[in-house]
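S.K.: This is final-v6.csv (CSV, C-alpha atoms).
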chain,number,residue,atom,x,y,z
F,180,MET,CA,-31.9,10.0,27.7
F,181,SER,CA,-31.7,13.8,27.6
F,182,LYS,CA,-30.4,15.9,24.7
F,183,GLN,CA,-27.3,16.7,26.7
F,184,HIS,CA,-26.4,13.0,27.1
F,185,VAL,CA,-26.9,12.3,23.4
F,186,LYS,CA,-24.6,15.2,22.4
F,187,LEU,CA,-22.0,14.0,24.9
F,188,SER,CA,-22.2,10.4,23.6
F,189,ILE,CA,-21.8,11.6,20.0
F,190,GLY,CA,-18.9,13.8,20.9
F,191,ALA,CA,-17.2,11.0,22.8
F,192,ALA,CA,-17.7,8.6,19.8
F,193,ILE,CA,-16.2,11.2,17.4
F,194,VAL,CA,-13.1,11.6,19.7
F,195,VAL,CA,-12.6,7.8,20.0
F,196,ALA,CA,-13.1,7.3,16.3
F,197,SER,CA,-10.6,10.1,15.6
F,198,MET,CA,-8.0,8.6,17.9
F,199,VAL,CA,-8.4,5.1,16.4
F,200,TYR,CA,-8.0,6.5,12.9
F,201,LEU,CA,-4.8,8.5,13.9
F,202,MET,CA,-3.2,5.5,15.6
F,203,PHE,CA,-4.0,3.2,12.6
F,204,SER,CA,-2.8,5.7,9.9
F,205,GLY,CA,0.3,6.6,11.9
F,206,ALA,CA,1.3,2.9,12.3
F,207,THR,CA,0.7,1.9,8.7
F,208,GLY,CA,2.4,5.1,7.3
F,209,SER,CA,5.6,4.6,9.2
F,210,THR,CA,6.1,0.9,8.5
F,211,MET,CA,8.3,0.2,5.5
F,212,TYR,CA,10.2,-3.1,4.9
F,213,TYR,CA,13.9,-2.6,4.3
F,214,MET,CA,15.8,-4.9,2.0
F,215,THR,CA,19.4,-5.9,2.2
F,216,VAL,CA,22.0,-4.9,-0.4
F,217,PRO,CA,22.0,-8.4,-2.0
F,218,GLU,CA,18.2,-8.3,-2.4
F,219,LEU,CA,18.4,-4.8,-4.0
F,220,HIS,CA,21.2,-6.0,-6.3
F,221,GLN,CA,19.0,-8.7,-7.6
F,222,GLN,CA,16.1,-6.3,-8.3
F,223,VAL,CA,17.8,-3.1,-9.1
F,224,ALA,CA,16.2,-2.6,-12.5
F,225,ALA,CA,12.7,-3.2,-11.2
F,226,MET,CA,13.2,-0.9,-8.2
F,227,GLN,CA,14.1,2.3,-10.3
F,228,GLY,CA,11.9,5.2,-9.2
F,229,GLU,CA,10.4,3.2,-6.2
F,230,ALA,CA,10.7,4.4,-2.7
F,231,ILE,CA,13.0,1.9,-0.9
F,232,ARG,CA,14.8,1.4,2.4
F,233,VAL,CA,18.1,-0.5,2.2
F,234,SER,CA,20.3,-1.9,5.1
F,235,GLY,CA,24.0,-2.6,4.7
F,236,LYS,CA,27.5,-1.6,5.8
F,237,VAL,CA,29.6,1.3,4.6
F,238,THR,CA,32.4,-0.3,2.6
F,239,ALA,CA,36.0,0.6,2.5
F,240,ASP,CA,35.6,2.3,-0.8
F,241,PRO,CA,36.4,6.0,-0.7
F,242,ILE,CA,33.9,8.2,1.2
F,243,HIS,CA,33.5,11.7,-0.3
F,244,TRP,CA,32.2,14.4,2.0
F,245,ASP,CA,31.6,17.9,0.6
F,246,VAL,CA,31.1,20.0,3.7
F,247,ARG,CA,30.1,23.2,1.8
F,248,ASN,CA,27.3,21.5,-0.2
F,249,LEU,CA,26.5,18.8,2.5
F,250,GLN,CA,27.0,16.2,-0.2
F,251,LEU,CA,28.0,12.6,0.9
F,252,THR,CA,28.8,9.8,-1.6
F,253,PHE,CA,29.9,6.4,-0.5
F,254,THR,CA,29.3,2.7,-1.3
F,255,MET,CA,27.3,0.4,0.9
F,256,GLY,CA,27.5,-3.4,0.6
F,257,GLU,CA,27.0,-6.8,2.1
F,258,GLY,CA,29.1,-9.8,0.9
F,259,GLU,CA,29.9,-9.4,-2.8
F,260,ALA,CA,26.9,-7.0,-3.5
F,261,SER,CA,27.3,-3.3,-3.3
F,262,VAL,CA,25.5,-0.1,-4.3
F,263,PRO,CA,26.8,3.5,-4.7
F,264,VAL,CA,24.9,6.0,-2.5
F,265,SER,CA,24.5,9.8,-2.9
F,266,TYR,CA,23.1,11.7,0.0
F,267,LYS,CA,22.5,15.4,0.5
F,268,GLY,CA,22.2,16.4,4.2
F,269,VAL,CA,24.0,16.4,7.5
F,270,LYS,CA,26.4,13.4,7.9
F,271,PRO,CA,25.5,11.3,11.0
F,272,ASP,CA,28.0,11.4,13.8
F,273,MET,CA,28.5,7.6,13.8
F,274,PHE,CA,29.1,7.4,10.0
F,275,GLN,CA,32.3,5.7,9.2
F,276,ILE,CA,33.7,2.7,7.2
F,277,GLY,CA,32.1,-0.5,8.5
F,278,ALA,CA,29.2,1.3,10.1
F,279,ASP,CA,25.7,-0.3,9.7
F,280,VAL,CA,23.5,2.1,7.8
F,281,ILE,CA,19.9,2.3,6.7
F,282,VAL,CA,19.3,4.4,3.6
F,283,GLU,CA,15.9,5.5,2.3
F,284,GLY,CA,15.6,6.9,-1.2
F,285,GLN,CA,15.3,5.9,-4.9
F,286,ILE,CA,17.5,4.2,-7.5
F,287,GLY,CA,18.6,6.6,-10.1
F,288,GLN,CA,19.1,5.9,-13.8
F,289,ASP,CA,22.8,5.1,-13.3
F,290,GLY,CA,22.0,2.6,-10.5
F,291,THR,CA,23.0,5.0,-7.7
F,292,LEU,CA,20.8,5.0,-4.6
F,293,ILE,CA,19.8,8.7,-4.2
F,294,ALA,CA,19.2,8.9,-0.5
F,295,SER,CA,16.6,11.2,1.1
F,296,HIS,CA,17.4,9.8,4.6
F,297,LEU,CA,20.5,8.2,6.1
F,298,MET,CA,20.6,6.6,9.5
F,299,THR,CA,23.4,4.8,11.3
F,300,SER,CA,22.8,1.9,13.7
F,301,CYS,CA,24.1,2.0,17.2
F,302,PRO,CA,27.6,0.6,17.3
F,303,SER,CA,28.2,-2.7,19.0
F,304,LYS,CA,30.3,-1.0,21.8
F,305,TYR,CA,26.9,0.1,23.3
F,306,GLU,CA,25.6,-3.5,23.4
F,307,GLU,CA,25.7,-5.6,26.5
F,308,GLU,CA,28.8,-7.7,26.7
F,309,LYS,CA,28.3,-11.4,26.5
F,310,PRO,CA,29.8,-13.4,29.3
F,311,THR,CA,32.7,-15.7,28.2
F,312,SER,CA,32.4,-19.4,29.1
Let's see the structure in the file written out as structure tokens.

M.R.:
Amino acid sequence: MSKQHVKLSIGAAIVVASMVYLMFSGATGSTMYYMTVPELHQQVAAMQGEAIRVSGKVTADPIHWDVRNLQLTFTMGEGEASVPVSYKGVKPDMFQIGADVIVEGQIGQDGTLIASHLMTSCPSKYEEEKPTS
């Protein structure tokens, strides 16, 4: 094998190894388990200061939206469990009472979920209709 083939083989190995590393690190870095509001409610003291992702519905409690400061406060819940949420950022278009939301953030000292990300799920009107029997 010539020097040129050795250099080419080493270069190809470095490229492949880099691609494998990037795919692996990207996949593990973006995966985060999300808990439900009842699960969070049971562990709220232990979860303070931890990065968490919580799934639930926007409850009928008042929603406060401060347009000037882009500050949104609301309550999300499931069944009897609920948690107050404070989010600073642009309010998602589909955000409304009863909407399914996924919130990423941390639990504050007062038990409020301080959200860094707020996402709404696609509403059921976009799902395929089930045939009636």

S.K.: Fewer than 5 positions away in the same chain doesn't count, so skip those; otherwise give me all residues within 7 Å of stretch 280-288 of chain F, counting only C-alpha atoms, as JSON, numbers by chain.

M.R.: {"F": [226, 227, 228, 229, 230, 231, 232, 233, 234, 235, 236, 237, 293, 294, 295, 296, 297, 298, 299, 300]}

S.K.: If you measure from atom CA of F:Ala225 to atom CA of F:Gly277, what distance in Å do you get, rounded to one decimal?

M.R.: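 Pair atom CA of F:Ala225 / atom CA of F:Gly277 returns 27.8 Å.
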
S.K.: What is the atom CA of F:Ile276-atom CA of F:His243 distance in Å, reported with one decimal?

M.R.: 11.7 Å

S.K.: Expressed in Å to a single decimal, how great is the separation between atom CA of F:Thr252 and atom CA of F:Asp272?

M.R.: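 A separation of 15.5 Å between them.
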
S.K.: Name all residues at most 8 Å from F:His220 (count all atoms listed in the file; drop same-chain ones fewer than 3 positions away) and give them as number ranges by chain.

M.R.: F: 216-217, 223, 260-262

S.K.: Could you name the residues that touch F:Val269 at 9 Å or less, counting only C-alpha atoms, but leaving out those on the same chain fewer than 6 positions away, as a list in words?

M.R.: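 Once the adjacent positions are removed, what remains is Val246, Leu249, Gln250 and Leu251 of chain F.
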
S.K.: Tell me which of F:Val264, F:Ile193, F:Ala278, F:Leu292 sits closest to F:Ala224, counting only C-alpha atoms.

M.R.: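 Distance minimum relative to F:Ala224 lands on F:Leu292.
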